[in-house]
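Text of query.pdb, listed as PDB, C-alpha atoms and all ligand atoms:
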```
MODEL        1
ATOM      1  CA  MET A   1     -17.730   8.607 -23.303
ATOM      2  CA  VAL A   2     -16.208   6.091 -20.981
ATOM      3  CA  LYS A   3     -17.726   2.690 -21.459
ATOM      4  CA  ARG A   4     -18.787   1.499 -18.029
ATOM      5  CA  LEU A   5     -18.680  -2.151 -17.062
ATOM      6  CA  ALA A   6     -20.403  -3.638 -14.053
ATOM      7  CA  VAL A   7     -17.188  -5.445 -13.171
ATOM      8  CA  GLY A   8     -14.849  -2.660 -14.281
ATOM      9  CA  ALA A   9     -12.931  -0.202 -12.165
ATOM     10  CA  HIS A  10     -14.767   2.485 -10.266
ATOM     11  CA  TYR A  11     -13.188   5.141 -12.481
ATOM     12  CA  GLY A  12     -12.085   7.323  -9.670
ATOM     13  CA  LEU A  13      -9.946   8.140  -6.798
ATOM     14  CA  ARG A  14     -12.061   6.450  -4.152
ATOM     15  CA  ASP A  15     -10.589   2.951  -4.181
ATOM     16  CA  TRP A  16      -7.076   4.179  -4.769
ATOM     17  CA  LEU A  17      -7.451   6.413  -1.729
ATOM     18  CA  ALA A  18      -9.176   3.719   0.338
ATOM     19  CA  GLN A  19      -6.289   1.343  -0.365
ATOM     20  CA  ARG A  20      -3.838   3.942   0.920
ATOM     21  CA  VAL A  21      -5.872   4.864   3.978
ATOM     22  CA  THR A  22      -6.311   1.188   4.910
ATOM     23  CA  ALA A  23      -2.591   0.591   4.282
ATOM     24  CA  THR A  24      -1.751   3.400   6.695
ATOM     25  CA  VAL A  25      -4.127   2.008   9.337
ATOM     26  CA  MET A  26      -2.519  -1.437   9.030
ATOM     27  CA  ALA A  27       1.016  -0.040   9.150
ATOM     28  CA  ILE A  28       0.282   1.933  12.335
ATOM     29  CA  TYR A  29      -1.410  -1.084  13.930
ATOM     30  CA  THR A  30       1.558  -3.302  13.010
ATOM     31  CA  VAL A  31       4.065  -0.984  14.668
ATOM     32  CA  TYR A  32       1.800  -0.558  17.707
ATOM     33  CA  MET A  33       1.406  -4.325  18.143
ATOM     34  CA  VAL A  34       5.113  -5.013  17.691
ATOM     35  CA  VAL A  35       5.808  -2.561  20.522
ATOM     36  CA  ARG A  36       3.076  -4.103  22.703
ATOM     37  CA  VAL A  37       4.345  -7.650  22.088
ATOM     38  CA  LEU A  38       7.965  -6.709  22.720
ATOM     39  CA  SER A  39       6.989  -5.171  26.052
ATOM     40  CA  LEU A  40       5.090  -8.257  27.233
ATOM     41  CA  PRO A  41       6.322  -9.615  30.573
ATOM     42  CA  ALA A  42       6.676 -13.079  29.021
ATOM     43  CA  PHE A  43       6.299 -14.565  25.554
ATOM     44  CA  ASP A  44       3.695 -17.150  26.439
ATOM     45  CA  ASN A  45       0.081 -17.963  25.797
ATOM     46  CA  ALA A  46      -1.159 -16.354  29.042
ATOM     47  CA  ALA A  47       0.500 -12.981  28.401
ATOM     48  CA  TRP A  48      -0.634 -13.003  24.780
ATOM     49  CA  ARG A  49      -4.233 -13.657  25.838
ATOM     50  CA  VAL A  50      -4.143 -10.848  28.369
ATOM     51  CA  LEU A  51      -2.807  -8.472  25.723
ATOM     52  CA  MET A  52      -5.460  -9.449  23.177
ATOM     53  CA  SER A  53      -8.356  -9.280  25.617
ATOM     54  CA  GLY A  54      -7.788  -5.594  26.407
ATOM     55  CA  SER A  55     -10.735  -3.660  25.012
ATOM     56  CA  PHE A  56      -8.564  -1.185  23.116
ATOM     57  CA  THR A  57      -6.535  -4.002  21.558
ATOM     58  CA  LYS A  58      -9.763  -5.702  20.486
ATOM     59  CA  PHE A  59     -11.078  -2.503  18.977
ATOM     60  CA  ALA A  60      -7.791  -1.831  17.181
ATOM     61  CA  SER A  61      -7.489  -5.430  16.005
ATOM     62  CA  PHE A  62     -10.977  -5.459  14.589
ATOM     63  CA  LEU A  63     -10.270  -2.166  12.833
ATOM     64  CA  PHE A  64      -7.107  -3.721  11.420
ATOM     65  CA  ALA A  65      -9.114  -6.708  10.169
ATOM     66  CA  LEU A  66     -11.692  -4.479   8.459
ATOM     67  CA  ALA A  67      -8.935  -2.336   6.936
ATOM     68  CA  LEU A  68      -7.190  -5.490   5.733
ATOM     69  CA  PHE A  69     -10.316  -6.867   4.092
ATOM     70  CA  TYR A  70     -11.196  -3.645   2.322
ATOM     71  CA  HIS A  71      -7.549  -3.282   1.259
ATOM     72  CA  ALA A  72      -7.353  -6.839  -0.003
ATOM     73  CA  TRP A  73     -10.673  -6.433  -1.825
ATOM     74  CA  VAL A  74      -9.369  -3.449  -3.789
ATOM     75  CA  GLY A  75      -5.994  -5.083  -4.394
ATOM     76  CA  VAL A  76      -7.232  -8.500  -5.427
ATOM     77  CA  ARG A  77      -9.962  -7.012  -7.605
ATOM     78  CA  ASP A  78      -7.316  -4.966  -9.450
ATOM     79  CA  ILE A  79      -5.380  -8.144 -10.010
ATOM     80  CA  TRP A  80      -8.383 -10.022 -11.419
ATOM     81  CA  MET A  81      -8.990  -7.054 -13.721
ATOM     82  CA  ASP A  82      -5.389  -7.166 -14.918
ATOM     83  CA  TYR A  83      -5.243 -10.846 -15.733
ATOM     84  CA  VAL A  84      -8.765 -12.195 -16.211
ATOM     85  CA  LYS A  85     -10.418 -10.908 -19.355
ATOM     86  CA  PRO A  86     -13.678 -12.894 -19.817
ATOM     87  CA  LEU A  87     -16.289 -10.903 -17.936
ATOM     88  CA  SER A  88     -18.265 -13.871 -16.648
ATOM     89  CA  VAL A  89     -15.208 -15.484 -15.070
ATOM     90  CA  ARG A  90     -14.146 -12.132 -13.674
ATOM     91  CA  LEU A  91     -17.553 -11.565 -12.111
ATOM     92  CA  ILE A  92     -17.474 -14.969 -10.445
ATOM     93  CA  LEU A  93     -13.985 -14.309  -9.060
ATOM     94  CA  HIS A  94     -15.001 -10.882  -7.768
ATOM     95  CA  VAL A  95     -18.025 -12.298  -5.989
ATOM     96  CA  MET A  96     -16.023 -15.180  -4.511
ATOM     97  CA  THR A  97     -13.329 -12.792  -3.275
ATOM     98  CA  LEU A  98     -15.909 -10.532  -1.677
ATOM     99  CA  LEU A  99     -17.794 -13.392  -0.015
ATOM    100  CA  ALA A 100     -14.573 -14.887   1.344
ATOM    101  CA  LEU A 101     -13.477 -11.559   2.813
ATOM    102  CA  VAL A 102     -16.843 -10.880   4.463
ATOM    103  CA  GLY A 103     -16.727 -14.376   5.966
ATOM    104  CA  TYR A 104     -13.182 -13.822   7.261
ATOM    105  CA  ALA A 105     -14.315 -10.594   8.952
ATOM    106  CA  GLY A 106     -16.972 -12.534  10.859
ATOM    107  CA  TRP A 107     -14.446 -15.229  11.748
ATOM    108  CA  VAL A 108     -11.985 -12.687  13.184
ATOM    109  CA  ALA A 109     -14.780 -11.017  15.161
ATOM    110  CA  THR A 110     -15.700 -14.344  16.811
ATOM    111  CA  ILE A 111     -12.034 -15.015  17.682
ATOM    112  CA  LEU A 112     -11.624 -11.586  19.266
ATOM    113  CA  TRP A 113     -14.851 -11.493  21.229
ATOM    114  CA  ARG A 114     -14.574 -15.024  22.516
ATOM    115  CA  LEU A 115     -11.756 -13.769  24.744
TER     116      LEU A 115
ATOM    117  CA  MET B   1      10.650 -12.690 -28.495
ATOM    118  CA  ALA B   2      13.461 -10.147 -28.418
ATOM    119  CA  ARG B   3      14.394  -8.710 -31.760
ATOM    120  CA  CYS B   4      17.177  -6.269 -32.478
ATOM    121  CA  LEU B   5      15.704  -3.318 -34.331
ATOM    122  CA  GLY B   6      18.575  -0.951 -33.686
ATOM    123  CA  SER B   7      19.759  -1.031 -37.304
ATOM    124  CA  VAL B   8      16.622   0.797 -38.464
ATOM    125  CA  ASN B   9      18.156   3.929 -37.035
ATOM    126  CA  GLY B  10      21.086   3.629 -39.354
ATOM    127  CA  VAL B  11      19.094   4.016 -42.622
ATOM    128  CA  LYS B  12      20.509   6.923 -44.644
ATOM    129  CA  GLY B  13      18.391   9.929 -45.575
ATOM    130  CA  VAL B  14      15.873   9.428 -42.834
ATOM    131  CA  SER B  15      15.866  12.119 -40.181
ATOM    132  CA  MET B  16      16.005  11.215 -36.502
ATOM    133  CA  ALA B  17      12.489  12.559 -35.989
ATOM    134  CA  GLU B  18      11.073  10.316 -38.713
ATOM    135  CA  THR B  19      12.830   7.229 -37.478
ATOM    136  CA  ALA B  20      11.586   7.948 -33.997
ATOM    137  CA  VAL B  21       8.020   7.765 -35.273
ATOM    138  CA  LYS B  22       8.494   4.823 -37.617
ATOM    139  CA  LYS B  23      10.703   2.781 -35.351
ATOM    140  CA  GLU B  24       8.936  -0.212 -33.979
ATOM    141  CA  ARG B  25       9.526  -0.380 -30.242
ATOM    142  CA  PRO B  26      11.065  -3.686 -29.223
ATOM    143  CA  LYS B  27       8.576  -5.784 -27.298
ATOM    144  CA  HIS B  28       9.950  -8.154 -24.716
ATOM    145  CA  LEU B  29       7.042 -10.393 -23.916
ATOM    146  CA  ASN B  30       9.162 -13.310 -22.841
ATOM    147  CA  LEU B  31       9.187 -13.131 -19.054
ATOM    148  CA  ALA B  32      12.469 -15.029 -18.865
ATOM    149  CA  GLN B  33      14.198 -12.392 -21.009
ATOM    150  CA  ILE B  34      12.941  -9.327 -19.206
ATOM    151  CA  ARG B  35      15.609  -7.775 -17.002
ATOM    152  CA  LEU B  36      13.999  -5.569 -14.404
ATOM    153  CA  PRO B  37      15.844  -2.939 -12.407
ATOM    154  CA  LEU B  38      15.647  -3.523  -8.643
ATOM    155  CA  PRO B  39      12.652  -1.214  -8.030
ATOM    156  CA  GLY B  40      10.811  -3.340 -10.618
ATOM    157  CA  TYR B  41      11.437  -6.436  -8.524
ATOM    158  CA  VAL B  42      10.268  -4.652  -5.372
ATOM    159  CA  SER B  43       7.090  -3.785  -7.227
ATOM    160  CA  ILE B  44       6.298  -7.223  -8.632
ATOM    161  CA  LEU B  45       7.174  -8.865  -5.319
ATOM    162  CA  HIS B  46       4.757  -6.463  -3.647
ATOM    163  CA  ARG B  47       2.021  -7.900  -5.843
ATOM    164  CA  VAL B  48       3.199 -11.490  -5.334
ATOM    165  CA  SER B  49       3.323 -11.020  -1.557
ATOM    166  CA  GLY B  50      -0.125  -9.405  -1.536
ATOM    167  CA  VAL B  51      -1.618 -12.353  -3.413
ATOM    168  CA  GLY B  52       0.211 -14.877  -1.244
ATOM    169  CA  LEU B  53      -1.071 -13.257   1.932
ATOM    170  CA  PHE B  54      -4.582 -13.090   0.518
ATOM    171  CA  LEU B  55      -4.592 -16.762  -0.459
ATOM    172  CA  CYS B  56      -3.254 -17.801   2.945
ATOM    173  CA  LEU B  57      -5.656 -15.671   4.978
ATOM    174  CA  PRO B  58      -7.667 -18.721   6.166
ATOM    175  CA  VAL B  59      -4.454 -20.307   7.465
ATOM    176  CA  LEU B  60      -3.353 -17.089   9.150
ATOM    177  CA  ILE B  61      -6.734 -16.512  10.806
ATOM    178  CA  ALA B  62      -6.886 -20.129  11.984
ATOM    179  CA  LEU B  63      -3.406 -19.832  13.520
ATOM    180  CA  PHE B  64      -4.345 -16.524  15.129
ATOM    181  CA  GLY B  65      -7.450 -18.139  16.634
ATOM    182  CA  ALA B  66      -5.533 -21.181  17.845
ATOM    183  CA  SER B  67      -2.822 -19.011  19.424
ATOM    184  CA  LEU B  68      -5.508 -17.373  21.549
ATOM    185  CA  GLY B  69      -6.940 -20.647  22.844
ATOM    186  CA  SER B  70      -7.026 -21.282  26.581
ATOM    187  CA  ALA B  71      -4.429 -23.515  28.258
ATOM    188  CA  GLU B  72      -6.764 -26.539  28.079
ATOM    189  CA  GLU B  73      -7.544 -25.875  24.425
ATOM    190  CA  LEU B  74      -3.819 -25.710  23.662
ATOM    191  CA  GLU B  75      -3.409 -29.105  25.337
ATOM    192  CA  CYS B  76      -6.056 -30.492  22.982
ATOM    193  CA  TYR B  77      -4.359 -28.901  19.919
ATOM    194  CA  ARG B  78      -1.099 -30.596  20.774
ATOM    195  CA  ALA B  79      -2.791 -33.953  20.301
ATOM    196  CA  THR B  80      -4.146 -33.134  16.832
ATOM    197  CA  MET B  81      -2.812 -33.896  13.362
ATOM    198  CA  ALA B  82      -2.833 -30.202  12.468
ATOM    199  CA  TYR B  83      -0.415 -29.469  15.306
ATOM    200  CA  SER B  84       2.118 -32.127  14.264
ATOM    201  CA  VAL B  85       1.909 -30.890  10.674
ATOM    202  CA  LEU B  86       2.918 -27.442  11.949
ATOM    203  CA  GLY B  87       6.189 -28.883  13.177
ATOM    204  CA  LEU B  88       7.253 -30.135   9.747
ATOM    205  CA  PRO B  89      10.209 -28.197   8.324
ATOM    206  CA  VAL B  90       8.369 -27.654   5.007
ATOM    207  CA  VAL B  91       5.435 -26.108   6.830
ATOM    208  CA  LYS B  92       7.742 -23.963   8.934
ATOM    209  CA  LEU B  93       9.425 -22.770   5.742
ATOM    210  CA  LEU B  94       6.030 -21.952   4.305
ATOM    211  CA  LEU B  95       5.169 -19.921   7.389
ATOM    212  CA  LEU B  96       8.519 -18.147   7.113
ATOM    213  CA  GLY B  97       7.577 -17.401   3.506
ATOM    214  CA  LEU B  98       4.395 -15.762   4.770
ATOM    215  CA  LEU B  99       6.389 -13.791   7.315
ATOM    216  CA  TRP B 100       8.643 -12.561   4.522
ATOM    217  CA  ALA B 101       5.556 -11.749   2.429
ATOM    218  CA  TYR B 102       4.150  -9.574   5.205
ATOM    219  CA  LEU B 103       7.467  -7.859   5.857
ATOM    220  CA  HIS B 104       8.130  -7.206   2.194
ATOM    221  CA  HIS B 105       4.582  -6.031   1.541
ATOM    222  CA  PHE B 106       4.768  -3.773   4.595
ATOM    223  CA  CYS B 107       8.140  -2.202   3.715
ATOM    224  CA  ALA B 108       7.405  -1.903   0.003
ATOM    225  CA  GLY B 109       3.926  -0.577   0.813
ATOM    226  CA  ILE B 110       5.371   2.193   2.966
ATOM    227  CA  ARG B 111       7.871   2.984   0.216
ATOM    228  CA  PHE B 112       4.985   3.294  -2.267
ATOM    229  CA  LEU B 113       3.015   5.498   0.099
ATOM    230  CA  LEU B 114       6.035   7.805   0.400
ATOM    231  CA  LEU B 115       6.556   7.809  -3.377
ATOM    232  CA  ASP B 116       2.860   8.691  -3.789
ATOM    233  CA  MET B 117       3.528  11.702  -1.590
ATOM    234  CA  HIS B 118       6.534  12.535  -3.805
ATOM    235  CA  VAL B 119       9.043  11.597  -1.127
ATOM    236  CA  GLY B 120      12.204  10.069  -2.571
ATOM    237  CA  VAL B 121      11.094   9.964  -6.204
ATOM    238  CA  GLU B 122      14.523  10.965  -7.592
ATOM    239  CA  LEU B 123      16.117   7.933  -9.215
ATOM    240  CA  PRO B 124      19.127   7.520  -6.889
ATOM    241  CA  ARG B 125      16.978   7.762  -3.773
ATOM    242  CA  ALA B 126      14.259   5.533  -5.222
ATOM    243  CA  ARG B 127      16.940   2.927  -6.022
ATOM    244  CA  ALA B 128      18.400   3.225  -2.554
ATOM    245  CA  SER B 129      15.001   2.776  -0.890
ATOM    246  CA  ALA B 130      14.339  -0.281  -3.068
ATOM    247  CA  TRP B 131      17.547  -1.824  -1.693
ATOM    248  CA  VAL B 132      16.464  -0.924   1.828
ATOM    249  CA  VAL B 133      13.078  -2.626   1.317
ATOM    250  CA  MET B 134      14.650  -5.815  -0.018
ATOM    251  CA  GLY B 135      17.347  -5.830   2.650
ATOM    252  CA  VAL B 136      15.219  -5.046   5.695
ATOM    253  CA  SER B 137      12.514  -7.592   4.866
ATOM    254  CA  LEU B 138      15.001 -10.374   4.088
ATOM    255  CA  VAL B 139      17.183  -9.728   7.135
ATOM    256  CA  LEU B 140      14.189  -9.502   9.489
ATOM    257  CA  THR B 141      12.781 -12.734   8.030
ATOM    258  CA  VAL B 142      16.064 -14.547   8.648
ATOM    259  CA  VAL B 143      16.470 -13.119  12.156
ATOM    260  CA  LEU B 144      12.895 -13.921  13.197
ATOM    261  CA  GLY B 145      13.160 -17.301  11.509
ATOM    262  CA  VAL B 146      16.281 -18.178  13.494
ATOM    263  CA  LEU B 147      14.732 -16.914  16.743
ATOM    264  CA  THR B 148      11.483 -18.837  16.351
ATOM    265  CA  TRP B 149      12.504 -22.007  14.519
TER     266      TRP B 149
HETATM  267  C1  LIG C 201       0.919  -2.949   6.902
HETATM  268  C2  LIG C 201       0.339  -3.564   6.000
HETATM  269  C3  LIG C 201       0.162  -3.154   4.548
HETATM  270  C4  LIG C 201       0.585  -2.054   3.839
HETATM  271  C5  LIG C 201       1.394  -0.857   4.341
HETATM  272  C6  LIG C 201       0.129  -2.227   2.466
HETATM  273  C7  LIG C 201       0.331  -1.326   1.436
HETATM  274  C8  LIG C 201      -0.165  -1.459   0.166
HETATM  275  C9  LIG C 201      -0.164  -0.442  -0.850
HETATM  276  C10 LIG C 201       0.393   0.973  -0.697
HETATM  277  C11 LIG C 201      -0.743  -0.961  -1.969
HETATM  278  C12 LIG C 201      -0.948  -0.259  -3.306
HETATM  279  C13 LIG C 201       0.166  -0.593  -4.234
HETATM  280  C14 LIG C 201      -0.048  -0.059  -5.621
HETATM  281  O1  LIG C 201      -1.135   0.404  -5.976
HETATM  282  O2  LIG C 201       0.932  -0.116  -6.387
HETATM  283  C15 LIG C 201      -1.094  -2.327  -1.671
HETATM  284  C16 LIG C 201      -1.649  -3.215  -2.570
HETATM  285  C17 LIG C 201      -2.069  -4.491  -2.248
HETATM  286  N1  LIG C 201      -2.093  -5.062  -0.996
HETATM  287 FE1  LIG C 201      -1.321  -4.235   0.670
HETATM  288  N2  LIG C 201      -0.534  -3.431   2.371
HETATM  289  C18 LIG C 201      -0.533  -4.012   3.613
HETATM  290  C19 LIG C 201      -1.097  -5.217   3.965
HETATM  291  C20 LIG C 201      -1.683  -6.114   3.080
HETATM  292  C21 LIG C 201      -2.147  -7.431   3.421
HETATM  293  C22 LIG C 201      -2.080  -8.069   4.811
HETATM  294  C23 LIG C 201      -2.617  -8.001   2.266
HETATM  295  C24 LIG C 201      -3.164  -9.380   2.035
HETATM  296  C25 LIG C 201      -4.250  -9.854   2.399
HETATM  297  C26 LIG C 201      -2.466  -7.031   1.208
HETATM  298  C27 LIG C 201      -2.820  -7.233  -0.106
HETATM  299  C28 LIG C 201      -2.608  -6.340  -1.115
HETATM  300  C29 LIG C 201      -2.899  -6.618  -2.514
HETATM  301  C30 LIG C 201      -3.429  -7.916  -3.097
HETATM  302  C31 LIG C 201      -2.557  -5.448  -3.217
HETATM  303  C32 LIG C 201      -2.641  -5.236  -4.722
HETATM  304  C33 LIG C 201      -1.269  -5.401  -5.302
HETATM  305  C34 LIG C 201      -1.152  -4.947  -6.707
HETATM  306  O3  LIG C 201      -2.097  -4.373  -7.279
HETATM  307  O4  LIG C 201      -0.079  -5.184  -7.280
HETATM  308  N3  LIG C 201      -1.888  -5.888   1.728
HETATM  309  N4  LIG C 201      -0.735  -2.615  -0.367
ENDMDL
END
```
Structure encoded using structure tokens:
Amino acid sequence: MVKRLAVGAHYGLRDWLAQRVTATVMAIYTVYMVVRVLSLPAFDNAAWRVLMSGSFTKFASFLFALALFYHAWVGVRDIWMDYVKPLSVRLILHVMTLLALVGYAGWVATILWRL
Amino acid sequence: MARCLGSVNGVKGVSMAETAVKKERPKHLNLAQIRLPLPGYVSILHRVSGVGLFLCLPVLIALFGASLGSAEELECYRATMAYSVLGLPVVKLLLLGLLWAYLHHFCAGIRFLLLDMHVGVELPRARASAWVVMGVSLVLTVVLGVLTW
């Protein structure tokens, strides 16, 4: 039987798949935004603000942020599992990573919806 | 520590099959002695860039927020310490490092996604795409760096 650890891997395809789905979302967003930025009338603060205040751009940007945080959670957790062996330290690092990422998501939301 | 165990194979009277089982595989645990093929570097740099981006997320989000400030807010930023620090060459280099990290992670990530779908897994093509990843991300970093410095 597989010995299950509270801070071990999730023994399945889910996270592996989630990391790839989120990576695809971010890649598409990146290309989309590069095109949008390159077609701006001017490269200044005003044009940039207009671009980012469009409701589709906000929606897409928030989706990108969520994808990024889920992606980074899976990726960074894998890295802690590779290099940090004591379970207590690993647990603390996992929790800190998760808390930081949830906080960042809120931060990005306030930036986007302040516009 | 690298040890040469090749001579074990030369022992007389031992069949190839037996030596294959008995032979201790050389272990190269000294990072400085490990010579990776290029795709190996693409892979480790993908991890390094991922960690770098993760650690710098607060900086990136703060810059993103500041870039979206109103005209008056930008005026206020220009008077702050943080803004003058941004102009320092070291800081600019650091930001260029982050740009490279994103570009490399992006290109290498797409390469991995394609490899996962069994696209370009043959060695010559996998090598070629590793060169493309390294080349495209470095060249774009330099070009964007020159344009925005
Ligand atoms: C367009 C954007 C991105 C793409 C296409 C992408 C792609 C990928 C892929 C395919 C993996 C899995 C690699 C593997 O399992 O071998 C991965 C891992 C990872 N990504 Fe991303 N990524 C992107 C953005 C980001 C960003 C912005 C961050 C940072 C916050 C990040 C952090 C990580 C980390 C830490 C890992 C784990 C690396 C490892 O286990 O070696 N990624 N990425």
Given 7 Å and all atoms listed in the file, residues near ligand LIG 201 (chain C) as a PyMOL selection string: (chain A and resi 19-20+23-24+26-27+30+68-69+71-72+75-76+78-79) or (chain B and resi 44+46-47+50-51+53-54+57+102+105-107+109-110+112-113)
As AutoDock Vina command-line options: centre and edge lengths in Å, one decimal, of the axis-aligned box holding segment 33-46 of chain A with 3 Å per side:
```
--center_x 3.4 --center_y -10.3 --center_z 24.1 --size_x 15.1 --size_y 21.4 --size_z 18.9
```
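Between atom CA of Val59 of chain B and atom CA of Leu147 of chain B the separation is 21.6 Å.
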For chain A against chain B, with a cut-off of 12 Å and counting only C-alpha atoms, what is the closest atom pair and its distance in Å to one decimal for every residue that makes the cut, ordered by chain and number, as a tab-separated table?
```
residue	atom	partner	partner_atom	distance
A:Trp16	CA	B:Asp116	CA	11.0
A:Leu17	CA	B:Leu113	CA	10.7
A:Gln19	CA	B:Leu113	CA	10.2
A:Arg20	CA	B:Leu113	CA	7.1
A:Val21	CA	B:Leu113	CA	9.7
A:Thr22	CA	B:Gly109	CA	11.2
A:Ala23	CA	B:Gly109	CA	7.5
A:Thr24	CA	B:Ile110	CA	8.1
A:Val25	CA	B:Ile110	CA	11.4
A:Met26	CA	B:Phe106	CA	8.8
A:Ala27	CA	B:Phe106	CA	7.0
A:Ile28	CA	B:Phe106	CA	10.6
A:Tyr29	CA	B:Phe106	CA	11.5
A:Thr30	CA	B:Phe106	CA	9.0
A:Val31	CA	B:Phe106	CA	10.5
A:Phe43	CA	B:Thr148	CA	11.4
A:Asp44	CA	B:Ser67	CA	9.8
A:Asn45	CA	B:Leu68	CA	7.0
A:Ala46	CA	B:Ala71	CA	7.9
A:Ala47	CA	B:Leu68	CA	10.1
A:Trp48	CA	B:Leu68	CA	7.3
A:Arg49	CA	B:Leu68	CA	5.8
A:Val50	CA	B:Leu68	CA	9.5
A:Leu51	CA	B:Leu68	CA	10.2
A:Met52	CA	B:Leu68	CA	8.1
A:Ser53	CA	B:Leu68	CA	9.5
A:Ser61	CA	B:Phe64	CA	11.6
A:Ala65	CA	B:Ile61	CA	10.1
A:Leu68	CA	B:Phe54	CA	9.6
A:Phe69	CA	B:Phe54	CA	9.2
A:Tyr70	CA	B:Phe54	CA	11.7
A:His71	CA	B:Gly50	CA	10.0
A:Ala72	CA	B:Phe54	CA	6.9
A:Trp73	CA	B:Phe54	CA	9.3
A:Val74	CA	B:Gly50	CA	11.2
A:Gly75	CA	B:Gly50	CA	7.8
A:Val76	CA	B:Val51	CA	7.1
A:Arg77	CA	B:Val51	CA	10.8
A:Asp78	CA	B:Arg47	CA	10.4
A:Ile79	CA	B:Arg47	CA	8.5
A:Trp80	CA	B:Val51	CA	10.7
A:Asp82	CA	B:Arg47	CA	11.7
A:Thr97	CA	B:Phe54	CA	9.5
A:Leu98	CA	B:Phe54	CA	11.8
A:Ala100	CA	B:Pro58	CA	9.3
A:Leu101	CA	B:Leu57	CA	9.1
A:Gly103	CA	B:Pro58	CA	10.1
A:Tyr104	CA	B:Pro58	CA	7.5
A:Ala105	CA	B:Ile61	CA	9.8
A:Gly106	CA	B:Ile61	CA	11.0
A:Trp107	CA	B:Ile61	CA	7.9
A:Val108	CA	B:Ile61	CA	6.9
A:Ala109	CA	B:Gly65	CA	10.3
A:Thr110	CA	B:Gly65	CA	9.1
A:Ile111	CA	B:Gly65	CA	5.6
A:Leu112	CA	B:Gly65	CA	8.2
A:Trp113	CA	B:Gly65	CA	11.0
A:Arg114	CA	B:Leu68	CA	9.4
A:Leu115	CA	B:Leu68	CA	7.9
```
Keeping C-alpha atoms for every residue in the selection just given, could you write it to a file as an mmCIF file, keeping the file's coordinate frame?
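Result file follows (again.cif):
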```cif
data_model
loop_
_atom_site.group_PDB
_atom_site.id
_atom_site.type_symbol
_atom_site.label_atom_id
_atom_site.label_comp_id
_atom_site.auth_asym_id
_atom_site.auth_seq_id
_atom_site.Cartn_x
_atom_site.Cartn_y
_atom_site.Cartn_z
ATOM 1 C CA TRP A 16 -7.076 4.179 -4.769
ATOM 2 C CA LEU A 17 -7.451 6.413 -1.729
ATOM 3 C CA GLN A 19 -6.289 1.343 -0.365
ATOM 4 C CA ARG A 20 -3.838 3.942 0.920
ATOM 5 C CA VAL A 21 -5.872 4.864 3.978
ATOM 6 C CA THR A 22 -6.311 1.188 4.910
ATOM 7 C CA ALA A 23 -2.591 0.591 4.282
ATOM 8 C CA THR A 24 -1.751 3.400 6.695
ATOM 9 C CA VAL A 25 -4.127 2.008 9.337
ATOM 10 C CA MET A 26 -2.519 -1.437 9.030
ATOM 11 C CA ALA A 27 1.016 -0.040 9.150
ATOM 12 C CA ILE A 28 0.282 1.933 12.335
ATOM 13 C CA TYR A 29 -1.410 -1.084 13.930
ATOM 14 C CA THR A 30 1.558 -3.302 13.010
ATOM 15 C CA VAL A 31 4.065 -0.984 14.668
ATOM 16 C CA PHE A 43 6.299 -14.565 25.554
ATOM 17 C CA ASP A 44 3.695 -17.150 26.439
ATOM 18 C CA ASN A 45 0.081 -17.963 25.797
ATOM 19 C CA ALA A 46 -1.159 -16.354 29.042
ATOM 20 C CA ALA A 47 0.500 -12.981 28.401
ATOM 21 C CA TRP A 48 -0.634 -13.003 24.780
ATOM 22 C CA ARG A 49 -4.233 -13.657 25.838
ATOM 23 C CA VAL A 50 -4.143 -10.848 28.369
ATOM 24 C CA LEU A 51 -2.807 -8.472 25.723
ATOM 25 C CA MET A 52 -5.460 -9.449 23.177
ATOM 26 C CA SER A 53 -8.356 -9.280 25.617
ATOM 27 C CA SER A 61 -7.489 -5.430 16.005
ATOM 28 C CA ALA A 65 -9.114 -6.708 10.169
ATOM 29 C CA LEU A 68 -7.190 -5.490 5.733
ATOM 30 C CA PHE A 69 -10.316 -6.867 4.092
ATOM 31 C CA TYR A 70 -11.196 -3.645 2.322
ATOM 32 C CA HIS A 71 -7.549 -3.282 1.259
ATOM 33 C CA ALA A 72 -7.353 -6.839 -0.003
ATOM 34 C CA TRP A 73 -10.673 -6.433 -1.825
ATOM 35 C CA VAL A 74 -9.369 -3.449 -3.789
ATOM 36 C CA GLY A 75 -5.994 -5.083 -4.394
ATOM 37 C CA VAL A 76 -7.232 -8.500 -5.427
ATOM 38 C CA ARG A 77 -9.962 -7.012 -7.605
ATOM 39 C CA ASP A 78 -7.316 -4.966 -9.450
ATOM 40 C CA ILE A 79 -5.380 -8.144 -10.010
ATOM 41 C CA TRP A 80 -8.383 -10.022 -11.419
ATOM 42 C CA ASP A 82 -5.389 -7.166 -14.918
ATOM 43 C CA THR A 97 -13.329 -12.792 -3.275
ATOM 44 C CA LEU A 98 -15.909 -10.532 -1.677
ATOM 45 C CA ALA A 100 -14.573 -14.887 1.344
ATOM 46 C CA LEU A 101 -13.477 -11.559 2.813
ATOM 47 C CA GLY A 103 -16.727 -14.376 5.966
ATOM 48 C CA TYR A 104 -13.182 -13.822 7.261
ATOM 49 C CA ALA A 105 -14.315 -10.594 8.952
ATOM 50 C CA GLY A 106 -16.972 -12.534 10.859
ATOM 51 C CA TRP A 107 -14.446 -15.229 11.748
ATOM 52 C CA VAL A 108 -11.985 -12.687 13.184
ATOM 53 C CA ALA A 109 -14.780 -11.017 15.161
ATOM 54 C CA THR A 110 -15.700 -14.344 16.811
ATOM 55 C CA ILE A 111 -12.034 -15.015 17.682
ATOM 56 C CA LEU A 112 -11.624 -11.586 19.266
ATOM 57 C CA TRP A 113 -14.851 -11.493 21.229
ATOM 58 C CA ARG A 114 -14.574 -15.024 22.516
ATOM 59 C CA LEU A 115 -11.756 -13.769 24.744
#
```
Output of the PyMOL selection byres (((chain B and resi 149) around 12) and not hetatm), listed as a PyMOL selection string: chain B and resi 86-93+95-96+141-148
